[in-house]
$ cat start20.tsv   # TSV, C-alpha atoms and all ligand atoms
chain	number	residue	atom	x	y	z
A	8	MET	CA	72.66	46.19	140.18
A	9	THR	CA	73.72	49.34	138.37
A	10	SER	CA	75.40	48.59	135.09
A	11	GLY	CA	79.04	49.65	134.86
A	12	LEU	CA	79.69	49.47	138.59
A	13	GLU	CA	79.78	45.68	139.09
A	14	ALA	CA	82.93	43.85	140.13
A	15	LEU	CA	85.30	42.96	137.29
A	16	SER	CA	85.65	39.29	136.52
A	17	ALA	CA	89.17	37.91	136.50
A	18	GLY	CA	91.10	39.15	133.48
A	19	ALA	CA	94.27	38.17	131.67
A	20	GLY	CA	96.05	41.29	132.90
A	21	PRO	CA	95.59	44.09	135.44
A	22	ARG	CA	93.00	46.79	134.81
A	23	ALA	CA	92.90	50.43	135.80
A	24	ILE	CA	90.06	52.91	136.11
A	25	VAL	CA	91.06	56.22	134.55
A	26	LEU	CA	89.45	59.56	135.39
A	27	SER	CA	90.33	63.18	134.71
A	28	ASP	CA	88.70	66.62	134.59
A	29	LEU	CA	85.53	65.76	136.48
A	30	HIS	CA	85.49	69.32	137.87
A	31	LEU	CA	83.40	68.36	140.86
A	32	LEU	CA	81.68	71.06	142.89
A	33	GLN	CA	82.15	72.20	146.49
A	34	ARG	CA	78.77	70.82	147.50
A	35	GLU	CA	76.58	67.84	146.78
A	36	SER	CA	75.55	67.53	143.16
A	37	PRO	CA	74.66	64.71	140.75
A	38	ARG	CA	78.22	64.93	139.39
A	39	ASN	CA	79.83	64.61	142.81
A	40	ASP	CA	77.44	61.80	143.65
A	41	ALA	CA	78.40	59.89	140.48
A	42	PHE	CA	82.09	60.04	141.44
A	43	LEU	CA	81.35	58.88	144.99
A	44	ARG	CA	79.20	55.99	143.73
A	45	LEU	CA	82.01	54.95	141.40
A	46	ILE	CA	84.81	54.97	144.00
A	47	GLU	CA	82.54	53.15	146.47
A	48	SER	CA	81.55	50.52	143.90
A	49	PRO	CA	82.71	46.92	143.37
A	50	VAL	CA	84.28	47.88	140.03
A	51	ALA	CA	86.69	50.23	141.81
A	52	SER	CA	87.64	47.75	144.51
A	53	SER	CA	88.14	44.96	141.97
A	54	ALA	CA	90.39	47.05	139.68
A	55	GLN	CA	94.13	46.89	140.29
A	56	ALA	CA	94.53	50.66	140.00
A	57	LEU	CA	92.60	53.91	140.07
A	58	TRP	CA	94.32	56.72	138.18
A	59	LEU	CA	92.97	60.19	138.93
A	60	LEU	CA	94.65	62.48	136.41
A	61	GLY	CA	93.87	65.88	137.86
A	62	ASP	CA	91.12	68.51	137.99
A	63	ILE	CA	88.92	66.02	139.80
A	64	TYR	CA	87.52	69.01	141.73
A	65	ASP	CA	87.03	72.54	140.48
A	66	LEU	CA	88.91	73.73	143.56
A	67	PHE	CA	90.80	71.49	145.95
A	68	ILE	CA	94.09	73.07	146.97
A	69	GLY	CA	96.21	73.40	150.05
A	70	PRO	CA	96.99	71.37	153.13
A	71	TYR	CA	93.87	72.45	155.05
A	72	LYS	CA	92.13	70.37	157.67
A	73	PHE	CA	88.68	71.53	156.60
A	74	TRP	CA	89.00	69.48	153.38
A	75	GLY	CA	89.07	66.42	155.62
A	76	ARG	CA	85.59	67.43	156.80
A	77	THR	CA	84.07	68.67	153.53
A	78	HIS	CA	85.53	65.74	151.54
A	79	ALA	CA	85.18	63.12	154.28
A	80	ARG	CA	83.14	60.64	152.22
A	81	MET	CA	85.51	60.84	149.23
A	82	LEU	CA	88.65	60.46	151.33
A	83	LYS	CA	87.13	57.52	153.24
A	84	ALA	CA	86.25	55.78	149.97
A	85	LEU	CA	89.77	56.22	148.58
A	86	GLU	CA	91.26	55.03	151.86
A	87	ARG	CA	89.09	51.91	151.72
A	88	LEU	CA	90.15	51.21	148.13
A	89	ALA	CA	93.83	51.55	149.05
A	90	GLU	CA	93.32	49.22	152.03
A	91	ARG	CA	91.66	46.60	149.83
A	92	GLY	CA	94.54	46.65	147.37
A	93	THR	CA	93.52	49.05	144.61
A	94	SER	CA	96.53	51.25	144.00
A	95	VAL	CA	95.24	54.84	143.98
A	96	LEU	CA	97.25	57.53	142.22
A	97	TRP	CA	96.19	61.19	142.08
A	98	ILE	CA	98.18	63.37	139.71
A	99	GLU	CA	97.64	66.99	140.64
A	100	GLY	CA	96.00	69.24	138.06
A	101	ASN	CA	95.65	73.00	137.87
A	102	HIS	CA	92.48	72.90	140.00
A	103	ASP	CA	93.67	70.38	142.61
A	104	PHE	CA	97.20	70.75	143.95
A	105	HIS	CA	99.28	70.94	147.13
A	106	ILE	CA	97.13	68.03	148.34
A	107	ALA	CA	99.75	65.25	148.39
A	108	LYS	CA	100.06	65.37	152.19
A	109	LEU	CA	96.32	65.16	152.72
A	110	LEU	CA	96.13	62.25	150.26
A	111	ALA	CA	99.05	60.45	151.90
A	112	SER	CA	97.10	60.49	155.19
A	113	VAL	CA	94.54	58.16	153.56
A	114	GLY	CA	97.05	55.95	151.75
A	115	VAL	CA	96.74	57.66	148.38
A	116	GLU	CA	99.78	58.69	146.36
A	117	GLY	CA	99.51	62.33	145.29
A	118	VAL	CA	102.04	63.45	142.70
A	119	ASP	CA	102.81	66.85	141.22
A	120	ALA	CA	104.59	65.39	138.18
A	121	ASP	CA	104.22	63.08	135.22
A	122	VAL	CA	104.32	59.43	136.22
A	123	THR	CA	105.77	56.38	134.46
A	124	ARG	CA	104.36	53.01	135.49
A	125	ASP	CA	105.01	49.44	134.52
A	126	PHE	CA	101.47	48.07	134.49
A	127	GLY	CA	101.07	44.45	133.53
A	128	GLY	CA	104.20	44.65	131.38
A	129	ARG	CA	103.05	47.84	129.60
A	130	LYS	CA	105.08	51.01	129.90
A	131	VAL	CA	102.48	53.63	130.80
A	132	PHE	CA	102.76	57.44	130.83
A	133	LEU	CA	100.35	59.32	133.08
A	134	SER	CA	100.01	63.10	133.20
A	135	HIS	CA	97.41	65.80	133.78
A	136	GLY	CA	98.52	67.15	130.41
A	137	ASP	CA	98.72	70.81	131.34
A	138	ARG	CA	102.28	71.12	130.05
A	139	VAL	CA	101.57	69.62	126.63
A	140	ASN	CA	100.84	72.99	125.02
A	141	SER	CA	104.23	74.70	125.32
A	142	ASN	CA	102.84	77.74	123.45
A	143	ASP	CA	100.66	78.66	126.43
A	144	GLU	CA	103.37	80.67	128.16
A	145	ALA	CA	101.03	82.66	130.39
A	146	TYR	CA	99.62	79.45	131.83
A	147	LEU	CA	103.04	77.88	132.25
A	148	ARG	CA	104.24	80.95	134.20
A	149	TRP	CA	101.13	80.83	136.39
A	150	ARG	CA	101.69	77.12	136.92
A	151	ALA	CA	105.31	77.62	137.98
A	152	PHE	CA	104.23	80.37	140.41
A	153	THR	CA	101.40	78.38	142.03
A	154	ARG	CA	103.60	75.29	142.46
A	155	GLY	CA	106.56	77.24	143.80
A	156	GLY	CA	107.85	77.73	147.34
A	157	LEU	CA	106.47	81.24	147.90
A	158	PHE	CA	102.91	80.26	146.98
A	159	ARG	CA	103.19	77.09	149.04
A	160	ALA	CA	104.50	78.99	152.08
A	161	THR	CA	101.72	81.58	151.76
A	162	MET	CA	99.08	78.83	151.66
A	163	ARG	CA	100.61	77.20	154.72
A	164	ALA	CA	100.53	80.51	156.59
A	165	VAL	CA	96.78	80.97	156.07
A	166	PRO	CA	94.79	79.64	159.04
A	167	ASP	CA	92.40	76.81	158.33
A	168	ALA	CA	89.19	78.74	159.12
A	169	LEU	CA	90.22	81.66	156.92
A	170	ALA	CA	91.13	79.31	154.06
A	171	GLU	CA	87.72	77.67	154.30
A	172	ARG	CA	85.92	81.04	154.32
A	173	PHE	CA	87.85	82.04	151.21
A	174	LEU	CA	88.29	78.84	149.20
A	175	VAL	CA	84.79	77.33	149.40
A	176	PRO	CA	83.03	80.40	147.92
A	177	LEU	CA	85.84	80.79	145.37
A	178	GLY	CA	85.34	77.17	144.32
A	179	GLU	CA	81.61	77.74	143.93
A	180	LYS	CA	82.27	80.80	141.82
A	181	LEU	CA	84.72	78.88	139.62
A	182	SER	CA	82.16	76.11	139.10
A	183	HIS	CA	79.49	78.66	138.27
A	184	ASP	CA	81.77	80.45	135.79
A	185	SER	CA	82.84	77.23	134.07
A	186	ARG	CA	79.26	76.04	133.55
A	187	GLY	CA	78.37	76.40	129.90
A	188	ARG	CA	81.91	77.55	129.15
A	189	ASP	CA	83.52	74.21	128.44
A	190	ARG	CA	84.66	74.82	124.87
A	191	TYR	CA	88.28	74.02	124.29
A	192	ASP	CA	90.34	74.81	121.24
A	193	PRO	CA	89.85	71.87	118.82
A	194	SER	CA	93.34	72.49	117.35
A	195	LEU	CA	94.67	71.11	120.64
A	196	ARG	CA	93.43	67.68	119.55
A	197	ALA	CA	96.29	67.30	117.03
A	198	LEU	CA	98.81	68.80	119.47
A	199	TYR	CA	97.90	66.26	122.16
A	200	ALA	CA	97.92	63.32	119.73
A	201	ASP	CA	101.36	64.36	118.48
A	202	TYR	CA	102.60	64.61	122.05
A	203	ALA	CA	101.37	61.06	122.65
A	204	ARG	CA	103.12	59.86	119.47
A	205	LYS	CA	106.35	61.40	120.74
A	206	LYS	CA	105.92	59.36	123.91
A	207	PHE	CA	105.40	56.22	121.75
A	208	THR	CA	108.82	56.83	120.18
A	209	GLU	CA	110.25	57.10	123.71
A	210	GLY	CA	109.06	53.54	124.32
A	211	TYR	CA	105.70	54.08	125.98
A	212	ASP	CA	102.91	51.61	125.15
A	213	ALA	CA	100.13	53.75	126.56
A	214	VAL	CA	99.77	57.50	127.17
A	215	PHE	CA	97.05	58.95	129.39
A	216	LEU	CA	96.40	62.70	129.40
A	217	GLY	CA	93.64	65.05	130.55
A	218	HIS	CA	93.28	68.81	130.80
A	219	CYS	CA	92.25	69.68	127.22
A	220	HIS	CA	88.71	68.28	127.71
A	221	LEU	CA	88.91	66.65	124.27
A	222	GLU	CA	87.95	62.99	124.44
A	223	GLU	CA	90.32	60.67	122.58
A	224	ASN	CA	90.83	56.92	122.38
A	225	LEU	CA	93.51	56.36	119.72
A	226	ASN	CA	95.10	53.05	118.84
A	227	GLU	CA	98.09	53.24	116.51
A	228	GLY	CA	100.41	50.35	115.78
A	229	GLY	CA	99.56	48.68	119.05
A	230	LYS	CA	100.06	51.92	121.02
A	231	LEU	CA	97.35	53.77	122.92
A	232	TYR	CA	96.56	57.42	123.63
A	233	PHE	CA	93.56	58.00	125.88
A	234	ASN	CA	91.91	61.17	127.16
A	235	LEU	CA	88.57	60.92	128.94
A	236	GLY	CA	87.49	64.46	128.07
A	237	SER	CA	85.56	66.07	130.92
A	238	TRP	CA	82.44	65.49	132.94
A	239	VAL	CA	81.34	69.13	132.66
A	240	GLN	CA	79.08	68.37	129.71
A	241	GLY	CA	79.47	64.71	128.93
A	242	PRO	CA	77.82	61.75	130.66
A	243	TYR	CA	79.29	60.19	133.82
A	244	ARG	CA	81.83	57.69	132.56
A	245	TYR	CA	85.26	56.23	133.20
A	246	GLY	CA	88.01	54.65	131.15
A	247	LEU	CA	88.74	51.02	131.89
A	248	TYR	CA	92.29	50.25	130.79
A	249	ASP	CA	93.15	46.61	130.20
A	250	ALA	CA	96.90	45.96	130.16
A	251	ALA	CA	96.36	42.60	128.43
A	252	THR	CA	94.91	44.26	125.30
A	253	ASN	CA	96.46	47.74	125.80
A	254	ARG	CA	93.04	49.24	125.13
A	255	VAL	CA	90.55	51.39	127.00
A	256	GLU	CA	86.84	50.80	127.11
A	257	VAL	CA	84.78	53.87	127.99
A	258	ILE	CA	82.04	52.88	130.40
A	259	THR	CA	79.05	55.12	131.08
A	260	PHE	CA	77.21	54.46	134.31
B	1	MN	MN	93.42	71.11	133.81
$ encode --input "start20.tsv" --output "structure tokens" --more "lines below"
Ligand SMILES: [Mn+2]
Amino acid sequence: MTSGLEALSAGAGPRAIVLSDLHLLQRESPRNDAFLRLIESPVASSAQALWLLGDIYDLFIGPYKFWGRTHARMLKALERLAERGTSVLWIEGNHDFHIAKLLASVGVEGVDADVTRDFGGRKVFLSHGDRVNSNDEAYLRWRAFTRGGLFRATMRAVPDALAERFLVPLGEKLSHDSRGRDRYDPSLRALYADYARKKFTEGYDAVFLGHCHLEENLNEGGKLYFNLGSWVQGPYRYGLYDAATNRVEVITF
């Protein structure tokens, strides 16, 4: 049995698998395969929740039917998890959005917003984290445009076949461009930690962010800030959050 993918034994509190910024490709790859193995594994079906915090794919946007075909195995696996009682939440990132309807069709909650959860008595804050850096005005404008009604209506107006002809090569290009260019500003580390501390003062016990690709697993005064980093360079791993201890164990598989 592969280590890290076995079923969880009964714990004192609920546990959640946390993933963000995997930046999976449009086609089969070892990285895509690792994600599929994880969501098809006993560890995923024995966890109470699976939290996907955005940018799971390098490009996965729009309400198109062809995604149902190209991502059939992934969607089936998430559907199976939801059916077996793992609560699956997908917070949209800046590489995967306008997918809530597609996700709802397989029993997965897709959200274009920050999420507050009561998880085993812990007040948990979940976000992609792309609005943490309020100095990045160009990005925030782009974000507002791509999430707005005009962009959404334009995407809806594009026929499925045309979207596939355009989006799949664009996704491959994005993945190619981002290879070897995964260096993020280290000064963001302090900015993100301070953002988490602000959430602690608002009463949150645990704060989960992604986006900045800077791995973090901070415990301060019983509070937790966790960021998985990204899979672009690092090993294939997930965060296992235990509400009983309010800590995350990073598990490489
Ligand atoms: Mn992002």
$ residues_around --input "start20.tsv" --residues "Arg124 of chain A" --least-positions-apart "3" --cutoff "12 Å" --atoms "all atoms listed in the file" --output "list in words"
Ala23, Ala56, Trp58, Ser94, Leu96, Asp121, Gly127, Gly128, Arg129, Lys130, Val131, Phe132, Leu133, Ser134, Tyr211, Asp212, Ala213, Val214, Phe215 and Ala250 of chain A
$ atom_distance --input "start20.tsv" --atom1 "atom CA of Ile98 of chain A" --atom2 "atom CA of Gly61 of chain A"
5.3 Å
$ closest_atom_pairs --input "start20.tsv" --of "chain A" --to "ligand MN 1 (chain B)" --cutoff "12 Å" --atoms "all atoms listed in the file" --output "tab-separated table"
residue	atom	partner	partner_atom	distance
A:Ser27	CA	B:MN1	MN	8.6
A:Asp28	CA	B:MN1	MN	6.6
A:Leu29	CA	B:MN1	MN	9.9
A:His30	CA	B:MN1	MN	9.1
A:Leu60	CA	B:MN1	MN	9.1
A:Gly61	CA	B:MN1	MN	6.6
A:Asp62	CA	B:MN1	MN	5.4
A:Ile63	CA	B:MN1	MN	9.1
A:Tyr64	CA	B:MN1	MN	10.1
A:Asp65	CA	B:MN1	MN	9.3
A:Leu66	CA	B:MN1	MN	11.1
A:Ile98	CA	B:MN1	MN	10.8
A:Glu99	CA	B:MN1	MN	9.0
A:Gly100	CA	B:MN1	MN	5.3
A:Asn101	CA	B:MN1	MN	5.0
A:His102	CA	B:MN1	MN	6.5
A:Asp103	CA	B:MN1	MN	8.8
A:Phe104	CA	B:MN1	MN	10.8
A:Ser134	CA	B:MN1	MN	10.4
A:His135	CA	B:MN1	MN	6.6
A:Gly136	CA	B:MN1	MN	7.3
A:Asp137	CA	B:MN1	MN	5.9
A:Arg138	CA	B:MN1	MN	9.6
A:Val139	CA	B:MN1	MN	11.0
A:Asn140	CA	B:MN1	MN	11.7
A:Tyr146	CA	B:MN1	MN	10.6
A:Leu147	CA	B:MN1	MN	11.9
A:Arg150	CA	B:MN1	MN	10.7
A:Asp189	CA	B:MN1	MN	11.7
A:Tyr191	CA	B:MN1	MN	11.2
A:Leu216	CA	B:MN1	MN	10.0
A:Gly217	CA	B:MN1	MN	6.9
A:His218	CA	B:MN1	MN	3.8
A:Cys219	CA	B:MN1	MN	6.8
A:His220	CA	B:MN1	MN	8.2
A:Leu221	CA	B:MN1	MN	11.5
A:Gly236	CA	B:MN1	MN	10.6
A:Ser237	CA	B:MN1	MN	9.8
$ atom_distance --input "start20.tsv" --atom1 "atom CA of Gln55 of chain A" --atom2 "atom CA of Ile24 of chain A"
8.4 Å
$ residues_near_point --input "start20.tsv" --point "(96.8, 60.0, 144.9)" --cutoff "6 Å" --atoms "only C-alpha atoms" --output "PyMOL selection string"
chain A and resi 95-97+110+115-117
$ atom_distance --input "start20.tsv" --atom1 "atom CA of Leu15 of chain A" --atom2 "atom CA of Ala51 of chain A"
8.7 Å
$ residues_around --input "start20.tsv" --residues "Asp40 of chain A" --least-positions-apart "6" --cutoff "10 Å" --atoms "only C-alpha atoms" --output "VMD selection string"
chain A and resid 31 34 81
$ closest_residue --input "start20.tsv" --among "A:Asp125, A:Glu86, A:Glu13, A:Glu209" --to "Val113 of chain A" --atoms "all atoms listed in the file"
A:Glu86
$ closest_residue --input "start20.tsv" --among "A:Asp201, A:Glu171, A:Glu222, A:Glu90" --to "Tyr245 of chain A" --atoms "all atoms listed in the file"
A:Glu222
$ closest_residue --input "start20.tsv" --among "A:Ala79, A:Ala41, A:Ala251, A:Leu88" --to "Gly229 of chain A" --atoms "all atoms listed in the file"
A:Ala251
$ build_atoms --input "start20.tsv" --residues "segment 147-158 of chain A" --atoms "all heavy atoms" --output "PDB file, in the frame of the given file"
ATOM      1  N   LEU A 147     101.872  78.559 131.703  1.00  0.00           N
ATOM      2  CA  LEU A 147     103.040  77.880 132.250  1.00  0.00           C
ATOM      3  C   LEU A 147     103.727  78.736 133.332  1.00  0.00           C
ATOM      4  O   LEU A 147     104.224  78.200 134.322  1.00  0.00           O
ATOM      5  CB  LEU A 147     104.026  77.500 131.136  1.00  0.00           C
ATOM      6  CG  LEU A 147     103.482  76.418 130.194  1.00  0.00           C
ATOM      7  CD1 LEU A 147     104.411  76.222 129.000  1.00  0.00           C
ATOM      8  CD2 LEU A 147     103.258  75.084 130.921  1.00  0.00           C
ATOM      9  N   ARG A 148     103.702  80.055 133.150  1.00  0.00           N
ATOM     10  CA  ARG A 148     104.240  80.950 134.200  1.00  0.00           C
ATOM     11  C   ARG A 148     103.375  80.879 135.453  1.00  0.00           C
ATOM     12  O   ARG A 148     103.876  80.792 136.570  1.00  0.00           O
ATOM     13  CB  ARG A 148     104.290  82.391 133.683  1.00  0.00           C
ATOM     14  CG  ARG A 148     105.581  82.745 132.943  1.00  0.00           C
ATOM     15  CD  ARG A 148     105.761  84.245 132.828  1.00  0.00           C
ATOM     16  NE  ARG A 148     104.645  84.881 132.118  1.00  0.00           N
ATOM     17  CZ  ARG A 148     104.588  85.007 130.780  1.00  0.00           C
ATOM     18  NH1 ARG A 148     105.577  84.557 130.034  1.00  0.00           N
ATOM     19  NH2 ARG A 148     103.554  85.584 130.208  1.00  0.00           N
ATOM     20  N   TRP A 149     102.067  80.914 135.262  1.00  0.00           N
ATOM     21  CA  TRP A 149     101.130  80.830 136.390  1.00  0.00           C
ATOM     22  C   TRP A 149     101.314  79.492 137.133  1.00  0.00           C
ATOM     23  O   TRP A 149     101.347  79.430 138.355  1.00  0.00           O
ATOM     24  CB  TRP A 149      99.694  80.969 135.873  1.00  0.00           C
ATOM     25  CG  TRP A 149      98.623  80.598 136.859  1.00  0.00           C
ATOM     26  CD1 TRP A 149      97.784  79.527 136.788  1.00  0.00           C
ATOM     27  CD2 TRP A 149      98.275  81.301 138.060  1.00  0.00           C
ATOM     28  NE1 TRP A 149      96.942  79.506 137.872  1.00  0.00           N
ATOM     29  CE2 TRP A 149      97.222  80.589 138.669  1.00  0.00           C
ATOM     30  CE3 TRP A 149      98.760  82.455 138.685  1.00  0.00           C
ATOM     31  CZ2 TRP A 149      96.636  80.983 139.872  1.00  0.00           C
ATOM     32  CZ3 TRP A 149      98.173  82.857 139.887  1.00  0.00           C
ATOM     33  CH2 TRP A 149      97.118  82.129 140.467  1.00  0.00           C
ATOM     34  N   ARG A 150     101.506  78.438 136.333  1.00  0.00           N
ATOM     35  CA  ARG A 150     101.690  77.120 136.920  1.00  0.00           C
ATOM     36  C   ARG A 150     102.946  77.091 137.799  1.00  0.00           C
ATOM     37  O   ARG A 150     102.925  76.628 138.930  1.00  0.00           O
ATOM     38  CB  ARG A 150     101.823  76.060 135.817  1.00  0.00           C
ATOM     39  CG  ARG A 150     101.865  74.642 136.352  1.00  0.00           C
ATOM     40  CD  ARG A 150     102.209  73.618 135.278  1.00  0.00           C
ATOM     41  NE  ARG A 150     101.861  72.278 135.722  1.00  0.00           N
ATOM     42  CZ  ARG A 150     102.554  71.567 136.591  1.00  0.00           C
ATOM     43  NH1 ARG A 150     103.656  72.063 137.135  1.00  0.00           N
ATOM     44  NH2 ARG A 150     102.166  70.354 136.951  1.00  0.00           N
ATOM     45  N   ALA A 151     104.048  77.622 137.246  1.00  0.00           N
ATOM     46  CA  ALA A 151     105.310  77.620 137.980  1.00  0.00           C
ATOM     47  C   ALA A 151     105.163  78.419 139.275  1.00  0.00           C
ATOM     48  O   ALA A 151     105.673  78.019 140.329  1.00  0.00           O
ATOM     49  CB  ALA A 151     106.419  78.199 137.113  1.00  0.00           C
ATOM     50  N   PHE A 152     104.434  79.538 139.214  1.00  0.00           N
ATOM     51  CA  PHE A 152     104.230  80.370 140.410  1.00  0.00           C
ATOM     52  C   PHE A 152     103.408  79.620 141.469  1.00  0.00           C
ATOM     53  O   PHE A 152     103.782  79.562 142.637  1.00  0.00           O
ATOM     54  CB  PHE A 152     103.557  81.685 140.021  1.00  0.00           C
ATOM     55  CG  PHE A 152     103.111  82.498 141.194  1.00  0.00           C
ATOM     56  CD1 PHE A 152     104.049  83.072 142.059  1.00  0.00           C
ATOM     57  CD2 PHE A 152     101.765  82.689 141.461  1.00  0.00           C
ATOM     58  CE1 PHE A 152     103.644  83.817 143.168  1.00  0.00           C
ATOM     59  CE2 PHE A 152     101.346  83.421 142.564  1.00  0.00           C
ATOM     60  CZ  PHE A 152     102.288  83.989 143.423  1.00  0.00           C
ATOM     61  N   THR A 153     102.288  79.019 141.046  1.00  0.00           N
ATOM     62  CA  THR A 153     101.400  78.380 142.030  1.00  0.00           C
ATOM     63  C   THR A 153     101.994  77.096 142.602  1.00  0.00           C
ATOM     64  O   THR A 153     101.590  76.656 143.672  1.00  0.00           O
ATOM     65  CB  THR A 153     100.018  78.055 141.421  1.00  0.00           C
ATOM     66  OG1 THR A 153     100.205  77.250 140.243  1.00  0.00           O
ATOM     67  CG2 THR A 153      99.271  79.322 141.067  1.00  0.00           C
ATOM     68  N   ARG A 154     102.963  76.498 141.914  1.00  0.00           N
ATOM     69  CA  ARG A 154     103.600  75.290 142.460  1.00  0.00           C
ATOM     70  C   ARG A 154     104.891  75.612 143.215  1.00  0.00           C
ATOM     71  O   ARG A 154     105.522  74.724 143.765  1.00  0.00           O
ATOM     72  CB  ARG A 154     103.907  74.301 141.341  1.00  0.00           C
ATOM     73  CG  ARG A 154     102.708  73.894 140.495  1.00  0.00           C
ATOM     74  CD  ARG A 154     101.604  73.278 141.334  1.00  0.00           C
ATOM     75  NE  ARG A 154     100.401  73.043 140.554  1.00  0.00           N
ATOM     76  CZ  ARG A 154     100.188  71.956 139.825  1.00  0.00           C
ATOM     77  NH1 ARG A 154     101.066  71.008 139.777  1.00  0.00           N
ATOM     78  NH2 ARG A 154      99.065  71.817 139.151  1.00  0.00           N
ATOM     79  N   GLY A 155     105.283  76.865 143.212  1.00  0.00           N
ATOM     80  CA  GLY A 155     106.560  77.240 143.800  1.00  0.00           C
ATOM     81  C   GLY A 155     106.506  77.426 145.311  1.00  0.00           C
ATOM     82  O   GLY A 155     105.441  77.394 145.938  1.00  0.00           O
ATOM     83  N   GLY A 156     107.684  77.647 145.892  1.00  0.00           N
ATOM     84  CA  GLY A 156     107.850  77.730 147.340  1.00  0.00           C
ATOM     85  C   GLY A 156     107.114  78.898 147.979  1.00  0.00           C
ATOM     86  O   GLY A 156     106.533  78.761 149.060  1.00  0.00           O
ATOM     87  N   LEU A 157     107.110  80.060 147.315  1.00  0.00           N
ATOM     88  CA  LEU A 157     106.470  81.240 147.900  1.00  0.00           C
ATOM     89  C   LEU A 157     104.960  81.023 148.034  1.00  0.00           C
ATOM     90  O   LEU A 157     104.368  81.272 149.087  1.00  0.00           O
ATOM     91  CB  LEU A 157     106.751  82.467 147.004  1.00  0.00           C
ATOM     92  CG  LEU A 157     106.086  83.772 147.460  1.00  0.00           C
ATOM     93  CD1 LEU A 157     106.659  84.227 148.807  1.00  0.00           C
ATOM     94  CD2 LEU A 157     106.271  84.872 146.415  1.00  0.00           C
ATOM     95  N   PHE A 158     104.354  80.516 146.975  1.00  0.00           N
ATOM     96  CA  PHE A 158     102.910  80.260 146.980  1.00  0.00           C
ATOM     97  C   PHE A 158     102.563  79.211 148.048  1.00  0.00           C
ATOM     98  O   PHE A 158     101.626  79.367 148.823  1.00  0.00           O
ATOM     99  CB  PHE A 158     102.474  79.792 145.590  1.00  0.00           C
ATOM    100  CG  PHE A 158     100.979  79.737 145.395  1.00  0.00           C
ATOM    101  CD1 PHE A 158     100.280  80.866 144.996  1.00  0.00           C
ATOM    102  CD2 PHE A 158     100.281  78.556 145.610  1.00  0.00           C
ATOM    103  CE1 PHE A 158      98.903  80.820 144.814  1.00  0.00           C
ATOM    104  CE2 PHE A 158      98.905  78.504 145.432  1.00  0.00           C
ATOM    105  CZ  PHE A 158      98.214  79.632 145.030  1.00  0.00           C
TER     106      PHE A 158
END
